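The structure under discussion appears below in the form of structure tokens.
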Amino acid sequence: MAAQPDRRISLHGVGHILPDGRVLFDNITETLQAETVALIGRNGCGKSMLGRIVAGLLEPSRGRVEHHASVRHVAQDDADAPARHRSLAELADLHRPLDALRRLERGQGDAADVVTVGERWDLESHWQALLAHAGLDEAIHAPATLSGGQCRWLRLMGALHSDADLLVLDEPGNHLDAPHHAALRAAIADWRTGSRALLLISHDRHLLADADRTLELTQGELRRYGGGWALVQQQRDTQLAAAHDRLAHARRTRARAQTQMQMQAERAARRQARGRRERDTGSQGRMLLDARRERAEYSLGALRDRHRQRSTTLHQDVTDAWHVLAEDLQTPCFPRQLQAVPAHRPVLVLDGLVGPWAWQHALDLCLQGPARMQLRGPNGCGKSTLLRMIAGRLSPASGACRTPLGAALLDQSLGLLDPQRDLLVQLQAAAPGVDTAQLRQHLAQAGLGPDRILRPAGTLSGGERMRGALLCATMRLPTPGLLLLDEPTNHLDLAAMQALEAMLTSWPGALVFVSHDEVFARALRPTHVLGRSITGWEIASG
């Protein structure tokens, strides 16, 4: 039997240093081969950087990478991809094998076309099925007309139907509706049966569940888990419980020792005081009393030195135990600036609204008070278009849209932020009447420390930009009564998702949001659901 080719990528002591001199990660040694490996970690820890190094798109600052496999990389953010491509096949990066296959079928191909097609003789049928699944037609649709979810779908499916040995997929579940998400999981399962490798960078618990093993990038190092998300969660819960026990034990030990040291110090002080009284009354010889006093003072000084050393050691034990928990306890939170919106105050009024594309049936709606409305529908049905019209960024074909208390939109590309300016400057511009120290505190509460808020927003991770954009939207003066969110969890890690859920569930204004993450959507408890069907938009209670 012929030996299987050595298709692997090996990292040897790989590290990455940012332009400002900070070490993002270091001494990463790992081998990726015929398996599905999940890479998880908090926003900003360097997962995407490591993925680009694996794909050969970025040279490591330290160490080396051995490539014994062809790699295909799909970035989590590629907003200008539609503008760069002339056709749907080119957007999916399948135009070369499809063109070669079509030439061969017409009898016009050559040996080079056979090499280009490789083993993918059924690619045409797969391609047509992918287009049908997304409701697309090559003769009608151009890349520039696609929604974010449709564009994402084609790029992912192009990678999963490529002839690469290893895929690096960075947050592949972003922007996908439920049917496309399910199809993505099925396509990944098919990829795994071909004995090929997959590096899955994600916070999506459904996708993480299928991994053969999981790597967590934390504090510049890799933690390794021997399975998918269920095993990771189990091991992390066990580790977290052990860390809590260690911290509690260290605190109890310190408290007992401090009590004992206090009692010892008080006894020594009483002995010294008794010696002074005896010396003052002359009840014993002065020479004997002087000798006792010297011994007592020496003993008390030595006792204090031992206590200081012991206290330092005990405090360090508590500090060490705390640092083990620190990363898990740092959950971002957000300020809540808005006064409650009265229950019967209109916040959104749509009167005969018709979009410039994507639908023709007029939409009438009146949303009042602190309502929460979820927009549902397949990719490309017009959800983002509707949010842009509500925000005043897009004119309707007909009808009117009013937001009496103002509205702020966080779109999928986070256009609210200027990538060239730092977060602190942009937050100062959004809330000019708020003290800078208070703004810094709000940024810190959102998990954005001094090393983040003075950097250009474009250099931050997706989750960090989302948190910064959310602050700029909610702290704008006057604060808007309606917050519009378009897939807000796409770039957030699990801790940041929980923080966003906590903030939004207590938001006293109104919300209109698009999210294909049903766990997140349920946490917001929508009062209304506006869904898109063949006949148009239909409103229902949540």
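Residue names in the structure tokens use chain letters A, B, ... in the order shown, residue numbers from 1 in each chain, and ligand numbers from 1 in the order shown.
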Quick one: which region 65-174 of chain A residues come within 12 Å of region 184-197 of chain A, and what is the nearest atom pair for each with the distance in Å to one decimal, counting only C-alpha atoms, rows ordered by chain and ascending number, as JSON lines?
```
{"residue": "A:His68", "atom": "CA", "partner": "A:Ala197", "partner_atom": "CA", "distance": 11.8}
{"residue": "A:Ala69", "atom": "CA", "partner": "A:Ala197", "partner_atom": "CA", "distance": 9.2}
{"residue": "A:Ser70", "atom": "CA", "partner": "A:Ala197", "partner_atom": "CA", "distance": 10.2}
{"residue": "A:Val71", "atom": "CA", "partner": "A:Ala197", "partner_atom": "CA", "distance": 9.3}
{"residue": "A:Arg72", "atom": "CA", "partner": "A:Ala197", "partner_atom": "CA", "distance": 10.6}
{"residue": "A:His126", "atom": "CA", "partner": "A:Ala187", "partner_atom": "CA", "distance": 11.2}
{"residue": "A:Leu130", "atom": "CA", "partner": "A:Ala187", "partner_atom": "CA", "distance": 10.8}
{"residue": "A:His133", "atom": "CA", "partner": "A:Leu184", "partner_atom": "CA", "distance": 11.5}
{"residue": "A:Arg152", "atom": "CA", "partner": "A:Leu184", "partner_atom": "CA", "distance": 10.8}
{"residue": "A:Trp153", "atom": "CA", "partner": "A:Leu184", "partner_atom": "CA", "distance": 8.2}
{"residue": "A:Leu154", "atom": "CA", "partner": "A:Leu184", "partner_atom": "CA", "distance": 10.7}
{"residue": "A:Arg155", "atom": "CA", "partner": "A:Leu184", "partner_atom": "CA", "distance": 11.4}
{"residue": "A:Leu156", "atom": "CA", "partner": "A:Leu184", "partner_atom": "CA", "distance": 8.1}
{"residue": "A:Met157", "atom": "CA", "partner": "A:Ala187", "partner_atom": "CA", "distance": 7.8}
{"residue": "A:Gly158", "atom": "CA", "partner": "A:Ala187", "partner_atom": "CA", "distance": 10.8}
{"residue": "A:Ala159", "atom": "CA", "partner": "A:Trp191", "partner_atom": "CA", "distance": 10.1}
{"residue": "A:Leu160", "atom": "CA", "partner": "A:Trp191", "partner_atom": "CA", "distance": 6.7}
{"residue": "A:His161", "atom": "CA", "partner": "A:Trp191", "partner_atom": "CA", "distance": 8.4}
{"residue": "A:Ser162", "atom": "CA", "partner": "A:Trp191", "partner_atom": "CA", "distance": 10.0}
{"residue": "A:Asp163", "atom": "CA", "partner": "A:Arg196", "partner_atom": "CA", "distance": 9.9}
{"residue": "A:Ala164", "atom": "CA", "partner": "A:Arg196", "partner_atom": "CA", "distance": 8.3}
{"residue": "A:Asp165", "atom": "CA", "partner": "A:Arg196", "partner_atom": "CA", "distance": 5.4}
{"residue": "A:Leu166", "atom": "CA", "partner": "A:Ala197", "partner_atom": "CA", "distance": 4.5}
{"residue": "A:Leu167", "atom": "CA", "partner": "A:Ala197", "partner_atom": "CA", "distance": 6.4}
{"residue": "A:Val168", "atom": "CA", "partner": "A:Ala197", "partner_atom": "CA", "distance": 8.8}
{"residue": "A:Leu169", "atom": "CA", "partner": "A:Ile188", "partner_atom": "CA", "distance": 10.4}
{"residue": "A:Glu171", "atom": "CA", "partner": "A:Leu184", "partner_atom": "CA", "distance": 11.9}
{"residue": "A:Pro172", "atom": "CA", "partner": "A:Leu184", "partner_atom": "CA", "distance": 8.4}
{"residue": "A:Gly173", "atom": "CA", "partner": "A:Leu184", "partner_atom": "CA", "distance": 7.9}
{"residue": "A:Asn174", "atom": "CA", "partner": "A:Leu184", "partner_atom": "CA", "distance": 11.1}
```
Could you take the residues named above and write them with C-alpha atoms, as an mmCIF file, in the first residue's frame?
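Result file follows (part19.cif):
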```
data_model
loop_
_atom_site.group_PDB
_atom_site.id
_atom_site.type_symbol
_atom_site.label_atom_id
_atom_site.label_comp_id
_atom_site.auth_asym_id
_atom_site.auth_seq_id
_atom_site.Cartn_x
_atom_site.Cartn_y
_atom_site.Cartn_z
ATOM 1 C CA HIS A 68 3.922 20.480 4.041
ATOM 2 C CA ALA A 69 0.340 21.200 2.960
ATOM 3 C CA SER A 70 -1.524 23.632 0.730
ATOM 4 C CA VAL A 71 -3.615 26.067 2.765
ATOM 5 C CA ARG A 72 -6.781 28.073 2.122
ATOM 6 C CA HIS A 126 -21.947 21.153 -6.305
ATOM 7 C CA LEU A 130 -24.632 26.007 -3.533
ATOM 8 C CA HIS A 133 -29.234 27.019 -1.568
ATOM 9 C CA ARG A 152 -19.751 34.910 3.538
ATOM 10 C CA TRP A 153 -21.504 31.726 2.407
ATOM 11 C CA LEU A 154 -19.904 31.703 -1.040
ATOM 12 C CA ARG A 155 -16.414 32.366 0.310
ATOM 13 C CA LEU A 156 -16.749 29.547 2.848
ATOM 14 C CA MET A 157 -18.203 27.085 0.379
ATOM 15 C CA GLY A 158 -15.486 27.955 -2.118
ATOM 16 C CA ALA A 159 -12.885 27.026 0.486
ATOM 17 C CA LEU A 160 -14.680 23.832 1.478
ATOM 18 C CA HIS A 161 -14.810 22.750 -2.188
ATOM 19 C CA SER A 162 -11.187 23.654 -2.869
ATOM 20 C CA ASP A 163 -8.297 21.236 -3.310
ATOM 21 C CA ALA A 164 -6.433 22.574 -0.264
ATOM 22 C CA ASP A 165 -4.997 20.204 2.336
ATOM 23 C CA LEU A 166 -5.732 22.518 5.258
ATOM 24 C CA LEU A 167 -8.353 25.210 5.795
ATOM 25 C CA VAL A 168 -8.096 28.103 8.217
ATOM 26 C CA LEU A 169 -11.615 29.425 8.837
ATOM 27 C CA GLU A 171 -15.233 32.921 12.647
ATOM 28 C CA PRO A 172 -17.008 31.088 9.805
ATOM 29 C CA GLY A 173 -20.436 31.221 11.449
ATOM 30 C CA ASN A 174 -20.610 35.036 11.348
#
```
Report task. Write out as a ChimeraX atom specification which residues come within 12 Å of Arg440 (chain A) when counting only C-alpha atoms, dropping same-chain ones fewer than 2 positions away. Result -> /A:335,423-428,434-438,442-454,468,471
Which residues are close to region 345-357 of chain A, i.e. within 7 Å by only C-alpha atoms, leaving aside same-chain residues fewer than 2 positions away? Reply as a PDB file with C-alpha atoms, in the first residue's frame.
```pdb
ATOM      1  CA  VAL A 341     -38.534  55.382  27.852  1.00  0.00           C
ATOM      2  CA  PRO A 342     -42.244  55.738  28.796  1.00  0.00           C
ATOM      3  CA  ALA A 343     -44.296  52.697  27.846  1.00  0.00           C
ATOM      4  CA  TRP A 359     -39.118  43.814  -1.100  1.00  0.00           C
ATOM      5  CA  GLN A 360     -42.130  45.470  -2.688  1.00  0.00           C
ATOM      6  CA  HIS A 361     -44.892  45.199  -0.071  1.00  0.00           C
ATOM      7  CA  ALA A 362     -45.439  48.293   2.091  1.00  0.00           C
ATOM      8  CA  LEU A 363     -44.616  47.980   5.797  1.00  0.00           C
ATOM      9  CA  ASP A 364     -46.625  49.761   8.512  1.00  0.00           C
ATOM     10  CA  LEU A 365     -45.452  49.604  12.101  1.00  0.00           C
ATOM     11  CA  CYS A 366     -45.535  51.574  15.360  1.00  0.00           C
ATOM     12  CA  LEU A 367     -43.153  50.508  18.119  1.00  0.00           C
ATOM     13  CA  GLN A 368     -43.626  52.037  21.576  1.00  0.00           C
ATOM     14  CA  GLY A 369     -41.702  52.210  24.849  1.00  0.00           C
ATOM     15  CA  PRO A 396     -36.799  54.189   0.974  1.00  0.00           C
ATOM     16  CA  ALA A 397     -38.388  53.738  -2.419  1.00  0.00           C
ATOM     17  CA  SER A 398     -41.593  55.086  -0.898  1.00  0.00           C
ATOM     18  CA  GLY A 399     -43.199  55.652   2.468  1.00  0.00           C
ATOM     19  CA  ALA A 400     -41.825  57.270   5.618  1.00  0.00           C
ATOM     20  CA  CYS A 401     -39.764  56.271   8.629  1.00  0.00           C
ATOM     21  CA  ARG A 402     -39.602  58.239  11.915  1.00  0.00           C
ATOM     22  CA  THR A 403     -37.575  57.708  15.105  1.00  0.00           C
ATOM     23  CA  PRO A 404     -38.929  60.380  17.524  1.00  0.00           C
ATOM     24  CA  LEU A 405     -36.273  59.700  20.191  1.00  0.00           C
ATOM     25  CA  GLY A 481     -33.924  56.034  22.537  1.00  0.00           C
ATOM     26  CA  LEU A 482     -33.633  53.326  19.860  1.00  0.00           C
TER      27      LEU A 482
END
```
**Report entry** Residue neighbourhood region 249-261 of chain A, 8 Å, only C-alpha atoms, exclusion window fewer than 5 positions, as JSON, numbers by chain
**Finding:** {"A": [307, 311, 314, 315, 317, 318, 321]}
Put those residues in a file: C-alpha atoms, as a CSV table (one decimal), in the first residue's frame.
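Okay, selection_17.csv is ready:
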```csv
chain,number,residue,atom,x,y,z
A,307,HIS,CA,5.6,38.2,61.0
A,311,SER,CA,2.7,38.1,55.9
A,314,LEU,CA,0.8,34.6,52.6
A,315,HIS,CA,-0.2,37.6,50.6
A,317,ASP,CA,0.0,33.0,47.9
A,318,VAL,CA,-3.3,34.7,47.7
A,321,ALA,CA,-4.2,32.1,43.4
```
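Rounded to one decimal, CA of Asp418 (chain A) and CA of Thr459 (chain A) lie 11.0 Å from each other.
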Query raised in the report: Using only C-alpha atoms, which of A:Leu104, A:Leu198, A:Leu11, A:Ala243 sits nearest Arg64 (chain A)?
Result: A:Leu11
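Distances from A:Gly382, A:Pro480, A:Gly458, A:Gly415 to Gln339 (chain A) were compared using only C-alpha atoms, and the smallest one belongs to A:Pro480.
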Requested in this report: Go through A:Thr505, A:Ser533, A:Ser413, A:Asn27 and flag the residue nearest Gln219 (chain A), using only C-alpha atoms for the distances.
Outcome: A:Asn27
